[in-house]
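Heads up, the thing below is written out as structure tokens.
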Amino acid sequence: LGMRKKQFTGLVLSVLILEDILAIVLMVMLSTMAVRHNFEGSEMLGSIGKLLFFLILWFVVGIYLIPELLKRCRKLMSEETLLIVSLGLCFGMVVMAAHTGFSAAFGAFIMGSILAESSLIQRIEKNIQPIKDFFGAVFFVSVGMMVDPSMFVTYAWPIFLITLIVVIGKVAFSCLGFIISGQPVKTAILCGFSLAQVGEFAFIIASLGMSLKVLDAQVYPIIV
């Protein structure tokens with residue numbers, strides 16, 4: 001639609017990136033609460049401290065070592081090798097994050113951020129795009145298959161209420177936030193309506209709740 005160069009789209013993209021970062025922090029905190037079955041302030045601070053340590057360690061190590069390693073080896077790597085190495089690094093960080101007590105999405109996010117600093121990022125993006133598109137389709141199809149159409153009749157009122165709260169609430173609070181930050185009313189309204197949906201992280205957090213046995217299986221399709 002040629003709208004990416006407009007002022008409000010830059011603001012919206014900035015908010016979406018920040019939302020994803022906060023969603024990852026939220027996943028770590030909620031996971032800790034779900035496993036412990038209670039809210040302990042000291043344990044939560046410990047988890048946040050561990051998260052910060054993990055982030056600082058891997059961003060410092062990653063941003064200095066991995067891009068430099070890829071730069072030195074780029075002449076030795078064909079497109080297929082670069083693809084395998086990129087995916088290997090991503091899955092390696094996923095495994096490491098999981099063993100440290102964090103989510104798989106968190107590990108993938110960190111390695112994606114590290115690879116983005118590499119001089120080979122354009123080649124990596126080009127090679128990985130078909131895989132990204134394929135698994136993106138698998139993700140959304142699998143999410144859709146978890147929805148039972150009869151749920152729309154059985155839980156019509158909760159679904160209607162949640163949808164209303166999300167749409168009106170996100171528009172209202174987003175507009176208010178942009179106005180408070182000093183944006184013109186027109187820009188704030190455009191930003192607010194652009195943010196009136198729930199992102200894929202909401203599905204991931206809901207899936208996490210189900211896997212940790214703190215969310216009823218019947219609630220998941222309603223959320224989706």
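Here's how to read the names in the structure tokens: chain A, B, ... by the order shown, residue numbers from 1 in each chain, ligand numbers from 1 in the order shown.
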* Where does DSSP see alpha helix (DSSP H) in range 103-186 of chain A, if you list the residues as a ChimeraX atom specification? -> /A:104-115,121-145,151-154,156-180,185-186
Could you list, as a compact mmCIF listing (two decimals) with all heavy atoms, in the first residue's frame, every residue within 12 Å of Pro221 in chain A, counting only C-alpha atoms and ignoring same-chain residues fewer than 6 positions away?
# COMPACT_ATOMS: atom_id res chain seq x y z
N SER A 142 -1.50 -24.69 12.00
CA SER A 142 -1.63 -25.53 13.20
C SER A 142 -2.43 -24.82 14.29
O SER A 142 -3.22 -25.44 15.00
CB SER A 142 -0.25 -25.93 13.73
OG SER A 142 0.47 -24.80 14.15
N VAL A 143 -2.24 -23.50 14.40
CA VAL A 143 -3.02 -22.71 15.36
C VAL A 143 -4.50 -22.76 14.98
O VAL A 143 -5.37 -22.96 15.82
CB VAL A 143 -2.51 -21.25 15.41
CG1 VAL A 143 -3.51 -20.35 16.12
CG2 VAL A 143 -1.18 -21.19 16.13
N GLY A 144 -4.77 -22.57 13.68
CA GLY A 144 -6.15 -22.60 13.21
C GLY A 144 -6.82 -23.94 13.40
O GLY A 144 -8.01 -24.02 13.75
N MET A 145 -6.03 -25.04 13.25
CA MET A 145 -6.59 -26.39 13.41
C MET A 145 -6.94 -26.70 14.86
O MET A 145 -7.69 -27.64 15.13
CB MET A 145 -5.61 -27.43 12.87
CG MET A 145 -5.51 -27.43 11.35
SD MET A 145 -4.25 -28.55 10.73
CE MET A 145 -4.99 -30.14 11.10
N MET A 146 -6.40 -25.92 15.81
CA MET A 146 -6.72 -26.13 17.22
C MET A 146 -8.04 -25.46 17.61
O MET A 146 -8.48 -25.58 18.74
CB MET A 146 -5.59 -25.59 18.10
CG MET A 146 -4.29 -26.38 17.94
SD MET A 146 -2.99 -25.81 19.04
CE MET A 146 -3.53 -26.56 20.58
N VAL A 147 -8.63 -24.74 16.66
CA VAL A 147 -9.92 -24.08 16.94
C VAL A 147 -11.05 -24.98 16.48
O VAL A 147 -11.14 -25.35 15.31
CB VAL A 147 -10.00 -22.72 16.21
CG1 VAL A 147 -11.36 -22.07 16.46
CG2 VAL A 147 -8.89 -21.80 16.67
N ASP A 148 -11.93 -25.32 17.39
CA ASP A 148 -13.12 -26.11 17.08
C ASP A 148 -14.25 -25.13 16.75
O ASP A 148 -14.63 -24.32 17.60
CB ASP A 148 -13.51 -26.95 18.31
CG ASP A 148 -14.74 -27.82 18.06
OD1 ASP A 148 -15.27 -27.76 16.93
OD2 ASP A 148 -15.14 -28.54 18.98
N PRO A 149 -14.79 -25.17 15.50
CA PRO A 149 -15.84 -24.21 15.11
C PRO A 149 -17.04 -24.19 16.05
O PRO A 149 -17.69 -23.15 16.22
CB PRO A 149 -16.25 -24.68 13.71
CG PRO A 149 -15.06 -25.41 13.19
CD PRO A 149 -14.43 -26.05 14.38
N SER A 150 -17.33 -25.33 16.68
CA SER A 150 -18.48 -25.37 17.59
C SER A 150 -18.24 -24.48 18.83
O SER A 150 -19.19 -24.09 19.52
CB SER A 150 -18.74 -26.81 18.05
OG SER A 150 -17.65 -27.31 18.80
N MET A 151 -16.96 -24.16 19.11
CA MET A 151 -16.64 -23.29 20.24
C MET A 151 -17.25 -21.90 20.08
O MET A 151 -17.57 -21.23 21.06
CB MET A 151 -15.11 -23.15 20.38
CG MET A 151 -14.37 -24.43 20.65
SD MET A 151 -14.55 -25.01 22.34
CE MET A 151 -13.45 -23.93 23.20
N PHE A 152 -17.40 -21.47 18.82
CA PHE A 152 -17.98 -20.14 18.57
C PHE A 152 -19.42 -20.06 19.05
O PHE A 152 -19.91 -18.99 19.39
CB PHE A 152 -17.90 -19.80 17.07
CG PHE A 152 -16.51 -19.52 16.59
CD1 PHE A 152 -15.84 -20.42 15.79
CD2 PHE A 152 -15.85 -18.35 16.94
CE1 PHE A 152 -14.56 -20.18 15.34
CE2 PHE A 152 -14.57 -18.09 16.50
CZ PHE A 152 -13.91 -19.00 15.70
N THR A 154 -20.72 -22.43 21.50
CA THR A 154 -20.70 -22.76 22.93
C THR A 154 -20.22 -21.60 23.78
O THR A 154 -20.78 -21.32 24.85
CB THR A 154 -19.80 -23.99 23.18
OG1 THR A 154 -20.14 -25.02 22.26
CG2 THR A 154 -19.95 -24.50 24.60
N TYR A 155 -19.16 -20.93 23.32
CA TYR A 155 -18.55 -19.84 24.10
C TYR A 155 -18.71 -18.50 23.39
O TYR A 155 -17.79 -17.68 23.40
CB TYR A 155 -17.08 -20.14 24.36
CG TYR A 155 -16.84 -21.39 25.16
CD1 TYR A 155 -16.46 -22.57 24.55
CD2 TYR A 155 -17.00 -21.39 26.54
CE1 TYR A 155 -16.23 -23.73 25.28
CE2 TYR A 155 -16.78 -22.54 27.29
CZ TYR A 155 -16.40 -23.71 26.66
OH TYR A 155 -16.18 -24.84 27.39
N ALA A 156 -19.85 -18.29 22.77
CA ALA A 156 -20.09 -17.06 21.99
C ALA A 156 -19.90 -15.80 22.84
O ALA A 156 -19.25 -14.84 22.41
CB ALA A 156 -21.49 -17.08 21.39
N PRO A 158 -18.18 -15.26 25.90
CA PRO A 158 -16.78 -14.94 26.27
C PRO A 158 -15.94 -14.49 25.07
O PRO A 158 -15.15 -13.57 25.19
CB PRO A 158 -16.24 -16.27 26.83
CG PRO A 158 -17.44 -17.04 27.22
CD PRO A 158 -18.53 -16.63 26.30
N ILE A 159 -16.14 -15.16 23.92
CA ILE A 159 -15.38 -14.79 22.72
C ILE A 159 -15.70 -13.36 22.30
O ILE A 159 -14.80 -12.56 22.01
CB ILE A 159 -15.65 -15.78 21.56
CG1 ILE A 159 -15.01 -17.14 21.87
CG2 ILE A 159 -15.11 -15.24 20.23
CD1 ILE A 159 -15.41 -18.25 20.92
N PHE A 203 -0.37 -16.33 21.05
CA PHE A 203 -0.60 -17.76 20.85
C PHE A 203 0.49 -18.57 21.54
O PHE A 203 0.24 -19.63 22.13
CB PHE A 203 -0.63 -18.12 19.36
CG PHE A 203 -1.66 -17.36 18.55
CD1 PHE A 203 -1.42 -17.04 17.22
CD2 PHE A 203 -2.86 -16.97 19.12
CE1 PHE A 203 -2.37 -16.35 16.48
CE2 PHE A 203 -3.80 -16.28 18.38
CZ PHE A 203 -3.56 -15.97 17.06
N ALA A 206 -0.01 -18.51 25.23
CA ALA A 206 -1.14 -19.41 25.55
C ALA A 206 -0.71 -20.87 25.47
O ALA A 206 -1.08 -21.70 26.32
CB ALA A 206 -2.30 -19.13 24.60
N SER A 207 0.10 -21.22 24.45
CA SER A 207 0.61 -22.60 24.31
C SER A 207 1.51 -22.96 25.49
O SER A 207 1.47 -24.08 26.00
CB SER A 207 1.42 -22.73 23.02
OG SER A 207 0.63 -22.44 21.90
N MET A 210 -0.60 -23.85 28.43
CA MET A 210 -1.13 -25.22 28.31
C MET A 210 -0.07 -26.26 28.64
O MET A 210 -0.34 -27.22 29.35
CB MET A 210 -1.66 -25.45 26.90
CG MET A 210 -3.03 -24.85 26.64
SD MET A 210 -3.62 -25.24 24.98
CE MET A 210 -3.82 -27.01 25.08
N LEU A 215 -3.17 -23.54 32.21
CA LEU A 215 -4.25 -23.02 31.38
C LEU A 215 -5.09 -24.19 30.90
O LEU A 215 -4.55 -25.17 30.38
CB LEU A 215 -3.66 -22.26 30.18
CG LEU A 215 -4.60 -21.35 29.40
CD1 LEU A 215 -5.10 -20.20 30.25
CD2 LEU A 215 -3.90 -20.80 28.17
* **Residue among A:Leu11, A:Val60, A:Cys90, A:Leu164 lying closest to Ala196 in chain A, counting only C-alpha atoms** => A:Leu164
* **For Met29 in chain A, the nearest of the candidates A:Phe102, A:Phe193, A:Phe109, A:Phe160, counting only C-alpha atoms** => A:Phe102
* Met93 in chain A surroundings by only C-alpha atoms, 9 Å radius, close-in-sequence under 2 positions cut, as a PyMOL selection string -> chain A and resi 88-91+95-98+104+106-108+110-111
Please identify every residue of range 92-184 of chain A that has at least one atom no farther than 8 Å from an atom of range 71-74 of chain A, counting only C-alpha atoms, and for each give the shortest atom pair and the distance in Å to one decimal, arranged by chain then increasing number, as a Markdown table.
| residue | atom | partner | partner_atom | distance |
| --- | --- | --- | --- | --- |
| A:Ser118 | CA | A:Lys71 | CA | 7.4 |
| A:Ser119 | CA | A:Lys71 | CA | 6.6 |
| A:Leu120 | CA | A:Lys71 | CA | 7.2 |
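Of the listed residues (A:Phe139, A:Trp58, A:Phe134, A:Phe8), A:Phe139 comes nearest to Phe201 in chain A; the distances count only C-alpha atoms.
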* Fewer than 2 positions away in the same chain doesn't count, so skip those; otherwise give me all residues within 12 Å of Arg123 in chain A, counting only C-alpha atoms, as JSON, numbers by chain. => {"A": [70, 71, 74, 77, 78, 79, 80, 81, 82, 83, 86, 115, 116, 118, 119, 120, 121, 125, 126, 127, 128, 129]}
* May I ask for the distance between CA of Ala23 in chain A and CA of Gly209 in chain A, given in Å to one decimal place? => 13.6 Å
* Find the residues near range 166-170 of chain A: any atom within 9 Å, counting only C-alpha atoms, skip ones fewer than 4 places away on the same chain, and give them as a PyMOL selection string. => chain A and resi 161-162+174-175+192-193+195-198
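The coordinates place CA of Pro184 in chain A at 11.0 Å from CA of Gln7 in chain A.
Of the listed residues A:Thr187, A:Leu212, A:Lys75, A:Ile222, the one whose atoms come nearest to Val12 in chain A is A:Thr187, with distances taken using only C-alpha atoms.
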